[in-house]
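Q: Input file: target26.cif. Contents: mmCIF, C-alpha atoms and all ligand atoms.
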data_entry
#
loop_
_atom_site.label_atom_id
_atom_site.label_comp_id
_atom_site.auth_asym_id
_atom_site.auth_seq_id
_atom_site.Cartn_x
_atom_site.Cartn_y
_atom_site.Cartn_z
CA MET C 1 26.11 -51.91 -10.62
CA ALA C 2 29.65 -51.02 -11.59
CA LYS C 3 31.25 -53.35 -14.11
CA LYS C 4 33.93 -55.53 -12.59
CA THR C 5 37.16 -54.80 -14.42
CA ALA C 6 39.87 -56.59 -12.44
CA LEU C 7 41.58 -59.28 -14.50
CA PRO C 8 40.92 -62.85 -13.35
CA VAL C 9 43.90 -64.39 -11.53
CA GLY C 10 44.40 -66.94 -14.35
CA ASP C 11 44.74 -64.16 -16.91
CA LEU C 12 47.24 -62.30 -14.73
CA GLY C 13 49.35 -65.49 -14.61
CA LEU C 14 49.06 -65.93 -18.38
CA ILE C 15 50.17 -62.37 -19.05
CA LYS C 16 53.10 -62.72 -16.64
CA GLU C 17 54.19 -65.88 -18.43
CA LEU C 18 53.83 -64.39 -21.93
CA ARG C 19 55.87 -61.39 -20.82
CA GLU C 20 58.60 -63.60 -19.40
CA HIS C 21 58.79 -65.45 -22.72
CA GLY C 22 58.95 -62.21 -24.68
CA ARG C 23 55.60 -62.81 -26.38
CA LEU C 24 54.15 -59.66 -24.82
CA ALA C 25 56.12 -56.44 -24.51
CA ASP C 26 55.24 -52.97 -23.30
CA VAL C 27 53.96 -50.83 -26.14
CA SER C 28 56.86 -48.43 -25.46
CA GLU C 29 59.13 -51.06 -27.04
CA LEU C 30 57.32 -50.52 -30.34
CA PHE C 31 57.87 -46.77 -30.19
CA LYS C 32 61.62 -47.44 -30.42
CA THR C 33 61.21 -49.24 -33.75
CA ILE C 34 59.18 -46.75 -35.82
CA SER C 35 58.44 -43.05 -35.56
CA ASN C 36 55.37 -41.10 -36.64
CA PRO C 37 53.97 -43.61 -39.10
CA GLU C 38 50.61 -43.35 -40.84
CA VAL C 39 48.57 -45.65 -38.57
CA ILE C 40 45.66 -47.76 -39.75
CA LEU C 41 44.03 -48.65 -36.45
CA VAL C 42 41.56 -51.51 -36.13
CA THR C 43 39.87 -51.15 -32.80
CA CYS C 44 36.75 -52.17 -30.88
CA ALA C 45 33.90 -49.69 -30.80
CA ASP C 46 33.53 -49.90 -27.01
CA ALA C 47 37.18 -49.14 -26.23
CA HIS C 48 37.10 -45.41 -25.78
CA GLU C 49 40.42 -45.17 -24.01
CA GLU C 50 42.21 -47.64 -26.15
CA HIS C 51 43.82 -45.31 -28.63
CA VAL C 52 47.14 -45.36 -26.86
CA LEU C 53 49.08 -44.88 -30.07
CA HIS C 54 47.51 -41.46 -30.31
CA LYS C 55 47.83 -40.65 -26.63
CA HIS C 56 51.56 -41.29 -26.52
CA LYS C 57 52.06 -38.90 -29.42
CA PHE C 58 53.44 -41.86 -31.33
CA THR C 59 51.73 -40.65 -34.47
CA SER C 60 49.93 -37.60 -35.79
CA SER C 61 47.77 -39.55 -38.22
CA ILE C 62 45.33 -42.38 -37.53
CA HIS C 63 42.78 -43.96 -39.84
CA PHE C 64 40.18 -45.48 -37.52
CA HIS C 65 38.54 -48.77 -38.43
CA SER C 66 36.28 -49.10 -35.42
CA TYR C 67 33.57 -51.69 -34.93
CA THR C 68 32.29 -54.08 -32.30
CA GLY C 69 34.90 -56.72 -31.54
CA GLY C 70 37.65 -54.75 -33.26
CA ALA C 71 40.55 -56.71 -34.65
CA CYS C 72 39.47 -59.93 -32.91
CA ARG C 73 36.52 -60.10 -35.30
CA LEU C 74 38.89 -60.39 -38.24
CA SER C 75 39.83 -63.86 -37.01
CA LEU C 76 36.38 -65.40 -37.20
CA PRO C 77 35.75 -67.94 -39.93
CA ASP C 78 31.98 -67.78 -39.66
CA MET C 79 31.37 -64.05 -39.75
CA GLU C 80 29.78 -63.12 -43.04
CA ASN C 81 31.48 -59.77 -43.31
CA CYS C 82 34.85 -60.78 -41.82
CA GLU C 83 36.48 -60.97 -45.24
CA LEU C 84 34.94 -57.64 -46.25
CA LEU C 85 36.38 -55.99 -43.14
CA ILE C 86 39.81 -57.45 -43.89
CA GLN C 87 39.65 -56.21 -47.48
CA ASP C 88 38.63 -52.77 -46.24
CA VAL C 89 41.71 -52.59 -44.01
CA ALA C 90 43.92 -53.94 -46.80
CA LYS C 91 42.58 -51.36 -49.24
CA ASP C 92 43.33 -48.55 -46.80
CA ALA C 93 46.83 -49.93 -46.18
CA VAL C 94 47.58 -50.24 -49.89
CA GLN C 95 46.37 -46.70 -50.49
CA THR C 96 48.56 -45.45 -47.66
CA ILE C 97 51.60 -47.38 -48.85
CA THR C 98 51.20 -46.29 -52.48
CA SER C 99 49.97 -42.71 -52.17
CA ILE C 100 51.50 -41.26 -49.04
CA ASN C 101 55.21 -41.04 -48.80
CA ARG C 102 55.30 -42.09 -45.16
CA ARG C 103 55.92 -45.17 -43.14
CA HIS C 104 52.79 -47.14 -42.36
CA LEU C 105 51.69 -49.29 -39.44
CA VAL C 106 48.55 -51.41 -39.38
CA ALA C 107 47.66 -51.73 -35.68
CA LEU C 108 45.27 -54.51 -34.66
CA VAL C 109 43.90 -53.95 -31.18
CA GLY C 110 42.00 -56.15 -28.75
CA HIS C 111 41.10 -55.08 -25.24
CA TYR C 112 39.90 -56.03 -21.76
CA PRO C 113 37.21 -55.71 -20.58
CA CYS C 114 35.36 -56.04 -23.89
CA SER C 115 31.58 -56.56 -24.07
CA TRP C 116 31.84 -58.24 -27.45
CA ALA C 117 34.51 -60.71 -26.25
CA GLU C 118 32.47 -61.43 -23.12
CA ASN C 119 29.35 -62.15 -25.17
CA TYR C 120 31.40 -64.27 -27.52
CA GLY C 121 32.83 -66.21 -24.58
CA ALA C 122 36.41 -65.18 -25.35
CA GLY C 123 38.78 -64.57 -22.46
CA VAL C 124 42.18 -62.89 -22.68
CA ALA C 125 43.91 -66.04 -23.97
CA GLU C 126 41.33 -66.55 -26.74
CA GLN C 127 41.53 -62.89 -27.72
CA ILE C 128 45.32 -63.04 -28.03
CA VAL C 129 45.01 -66.08 -30.30
CA MET C 130 42.31 -64.26 -32.32
CA LEU C 131 44.67 -61.31 -32.75
CA GLU C 132 47.42 -63.62 -33.99
CA VAL C 133 45.04 -65.12 -36.58
CA ALA C 134 43.85 -61.62 -37.58
CA HIS C 135 47.48 -60.53 -37.88
CA HIS C 136 48.22 -63.34 -40.29
CA ARG C 137 45.08 -62.73 -42.38
CA VAL C 138 45.50 -58.97 -42.64
CA THR C 139 49.21 -59.24 -43.48
CA GLU C 140 48.43 -61.76 -46.19
CA ALA C 141 45.56 -59.67 -47.63
CA ILE C 142 47.77 -56.58 -47.86
CA ARG C 143 50.66 -58.57 -49.31
CA GLN C 144 48.40 -60.07 -51.99
CA ALA C 145 46.85 -56.68 -52.82
CA LEU C 146 50.32 -55.14 -53.22
CA LEU C 147 51.45 -58.02 -55.43
CA ALA C 148 48.37 -57.52 -57.64
CA LEU C 149 49.42 -53.95 -58.44
CA LYS C 150 51.13 -53.09 -61.69
CA PRO C 151 54.01 -52.96 -61.09
CA PRO C 152 53.75 -55.15 -58.00
CA ILE C 153 55.08 -53.92 -54.65
CA THR C 154 57.06 -56.45 -52.67
CA ASP C 155 58.06 -54.25 -49.73
CA PRO C 156 57.50 -55.75 -46.28
CA VAL C 157 54.14 -54.92 -44.72
CA ARG C 158 54.09 -53.62 -41.15
CA VAL C 159 51.20 -55.12 -39.18
CA GLU C 160 51.34 -55.30 -35.38
CA ALA C 161 48.87 -56.55 -32.78
CA PHE C 162 48.20 -55.02 -29.37
CA PHE C 163 46.22 -55.83 -26.28
CA TYR C 164 44.94 -53.06 -24.07
CA ILE C 165 43.96 -53.78 -20.46
CA ASN C 166 41.92 -51.35 -18.43
CA GLU C 167 41.50 -52.39 -14.80
CA GLY C 168 40.32 -48.95 -13.76
CA GLU C 169 43.31 -47.58 -11.85
CA LYS C 170 45.72 -49.76 -13.79
CA LYS C 171 45.84 -49.38 -17.58
CA ARG C 172 48.46 -50.77 -19.90
CA THR C 173 48.99 -51.80 -23.51
CA TYR C 174 50.99 -54.80 -24.61
CA TRP C 175 52.57 -55.36 -27.97
CA ILE C 176 52.05 -58.97 -29.08
CA ARG C 177 55.26 -60.31 -30.65
ZN ZN S 201 35.34 -54.27 -27.08
#
Could you rewrite the structure in this file as structure tokens?
A:
Amino acid sequence: MAKKTALPVGDLGLIKELREHGRLADVSELFKTISNPEVILVTCADAHEEHVLHKHKFTSSIHFHSYTGGACRLSLPDMENCELLIQDVAKDAVQTITSINRRHLVALVGHYPCSWAENYGAGVAEQIVMLEVAHHRVTEAIRQALLALKPPITDPVRVEAFFYINEGEKKRTYWIR
């Protein structure tokens, strides 16, 4: 039986409202703010078509951090390896910031439909909140790691969260602001 991919009506309403309030923007808005950065992409393992940053020729370089649940997993307090995953992303970001003379972007991606989110009982609203928590944690981990360097680096860290929706015919990516 084919997997049902259409967004529930409640989620469509939520997305419409978040867009009206400027909390969700089309990913194309992001492309206006930064060009060809080194991207550290945290994405779910079952989201094969999710790598929109690559597809839009936004960047020529992506470091994939791909595992079940993707960036949403980085928000969980009770996952044993959640902190390890965050540190792994932070380490990659610090290495990129310190060793490659290019702009960086840490991209945290959640998506619909997602088997992990479904099994976890997380709908679109919960996933967006999870991405906001993950955003805060990852930003803080990178900031702390940069401050621990000698000499410390105090430059702003660029972390952004995205939500990819694949309803079959209709695919789009939102930038969570
Ligand atoms: Zn998934």
Q: Determine the nearest neighbour of ligand ZN 201 (chain S) from the options C:Ala134, C:Met79, C:Ala122, C:Val27, counting only C-alpha atoms and all ligand atoms.
A: C:Ala122
Q: Would you compute the box with edges along x, y and z of the file around segment 144-161 of chain C, including every atom the file lists for it and 8 Å extra on each side, and give its centre and edge lengths in Å to one decimal, as JSON?
A:
{"center_x": 52.5, "center_y": -56.5, "center_z": -47.2, "size_x": 27.2, "size_y": 23.1, "size_z": 44.9}
Q: For segment 123-133 of chain C, list every protein, DNA or RNA residue within 6 Å, evaluated using only C-alpha atoms, and leave out those in the same chain fewer than 2 positions away; present the list as JSON, numbers by chain.
A: {"C": [72, 75, 135, 136]}
Q: So which one's closest to Ser115 of chain C, C:Glu29, C:Asp155, C:Glu140, C:Asp46? Using only C-alpha atoms, please.
A: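 Residue with the minimum atom-to-atom distance to Ser115 of chain C: C:Asp46.
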Q: Report as a ChimeraX atom specification which protein, DNA and RNA residues come within 6 Å of ligand ZN 201 (chain S), using all atoms listed in the file.
A: /C:44,46-47,69,114-116
Q: Could you work out how far atom CA of Val42 of chain C lies from atom CA of Ile153 of chain C, giving the answer in Å with one decimal?
A: 23.1 Å
Q: Using only C-alpha atoms, find all polymer residues with an atom at most 12 Å away from the point (59.8, -51.0, -36.0); report them as a compact mmCIF listing (two decimals) with C-alpha atoms, in the frame of the given file.
A:
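Result file follows (result.txt):
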# COMPACT_ATOMS: atom_id res chain seq x y z
CA VAL C 27 53.96 -50.83 -26.14
CA SER C 28 56.86 -48.43 -25.46
CA GLU C 29 59.13 -51.06 -27.04
CA LEU C 30 57.32 -50.52 -30.34
CA PHE C 31 57.87 -46.77 -30.19
CA LYS C 32 61.62 -47.44 -30.42
CA THR C 33 61.21 -49.24 -33.75
CA ILE C 34 59.18 -46.75 -35.82
CA SER C 35 58.44 -43.05 -35.56
CA ASN C 36 55.37 -41.10 -36.64
CA PRO C 37 53.97 -43.61 -39.10
CA ARG C 103 55.92 -45.17 -43.14
CA HIS C 104 52.79 -47.14 -42.36
CA LEU C 105 51.69 -49.29 -39.44
CA VAL C 106 48.55 -51.41 -39.38
CA PRO C 156 57.50 -55.75 -46.28
CA VAL C 157 54.14 -54.92 -44.72
CA ARG C 158 54.09 -53.62 -41.15
CA VAL C 159 51.20 -55.12 -39.18
CA GLU C 160 51.34 -55.30 -35.38
CA TRP C 175 52.57 -55.36 -27.97
CA ARG C 177 55.26 -60.31 -30.65
Q: Considering all atoms listed in the file, can you say which of C:Leu84, C:Ala45, C:Ala25, C:Val89 comes closest to His63 of chain C?
A: C:Val89
Q: When you draw a straight line from atom CA of Tyr112 of chain C to atom CA of Thr173 of chain C, how long is it in Å?
A: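 It comes out at 10.2 Å.
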Q: Regenerate segment 63-82 of chain C at the level of N, CA and C atoms and dump it as a short mmCIF file (atom, residue, chain, number, x, y, z; two decimals), keeping the file's coordinate frame.
A:
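What ended up in rebuild_20.cif:
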data_model
loop_
_atom_site.label_atom_id
_atom_site.label_comp_id
_atom_site.auth_asym_id
_atom_site.auth_seq_id
_atom_site.Cartn_x
_atom_site.Cartn_y
_atom_site.Cartn_z
N HIS C 63 44.01 -43.63 -39.11
CA HIS C 63 42.78 -43.96 -39.84
C HIS C 63 42.06 -44.96 -38.95
N PHE C 64 40.92 -44.58 -38.41
CA PHE C 64 40.18 -45.48 -37.52
C PHE C 64 39.31 -46.46 -38.29
N HIS C 65 39.47 -47.74 -37.97
CA HIS C 65 38.54 -48.77 -38.43
C HIS C 65 37.96 -49.33 -37.13
N SER C 66 36.82 -48.78 -36.74
CA SER C 66 36.28 -49.10 -35.42
C SER C 66 34.93 -49.79 -35.53
N TYR C 67 34.84 -50.98 -34.95
CA TYR C 67 33.57 -51.69 -34.93
C TYR C 67 33.59 -52.69 -33.79
N THR C 68 32.41 -53.18 -33.44
CA THR C 68 32.29 -54.08 -32.30
C THR C 68 33.18 -55.31 -32.48
N GLY C 69 34.00 -55.57 -31.48
CA GLY C 69 34.90 -56.72 -31.54
C GLY C 69 36.28 -56.35 -32.07
N GLY C 70 36.34 -55.22 -32.76
CA GLY C 70 37.65 -54.75 -33.26
C GLY C 70 38.39 -55.81 -34.04
N ALA C 71 39.70 -55.83 -33.86
CA ALA C 71 40.55 -56.71 -34.65
C ALA C 71 40.27 -58.19 -34.39
N CYS C 72 39.76 -58.52 -33.21
CA CYS C 72 39.47 -59.93 -32.91
C CYS C 72 38.46 -60.51 -33.91
N ARG C 73 37.55 -59.66 -34.35
CA ARG C 73 36.52 -60.10 -35.30
C ARG C 73 37.10 -60.57 -36.62
N LEU C 74 38.28 -60.03 -36.96
CA LEU C 74 38.89 -60.39 -38.24
C LEU C 74 39.43 -61.81 -38.25
N SER C 75 39.31 -62.49 -37.10
CA SER C 75 39.83 -63.86 -37.01
C SER C 75 38.73 -64.89 -37.20
N LEU C 76 37.48 -64.44 -37.22
CA LEU C 76 36.38 -65.40 -37.20
C LEU C 76 36.10 -65.99 -38.58
N PRO C 77 36.01 -67.32 -38.65
CA PRO C 77 35.75 -67.94 -39.93
C PRO C 77 34.29 -67.82 -40.34
N ASP C 78 33.40 -67.68 -39.35
CA ASP C 78 31.98 -67.78 -39.66
C ASP C 78 31.25 -66.44 -39.73
N MET C 79 32.03 -65.36 -39.65
CA MET C 79 31.37 -64.05 -39.75
C MET C 79 31.23 -63.71 -41.22
N GLU C 80 30.03 -63.40 -41.63
CA GLU C 80 29.78 -63.12 -43.04
C GLU C 80 30.64 -61.99 -43.59
N ASN C 81 30.78 -60.94 -42.77
CA ASN C 81 31.48 -59.77 -43.31
C ASN C 81 32.94 -59.70 -42.88
N CYS C 82 33.46 -60.78 -42.28
CA CYS C 82 34.85 -60.78 -41.82
C CYS C 82 35.80 -60.48 -42.97
#
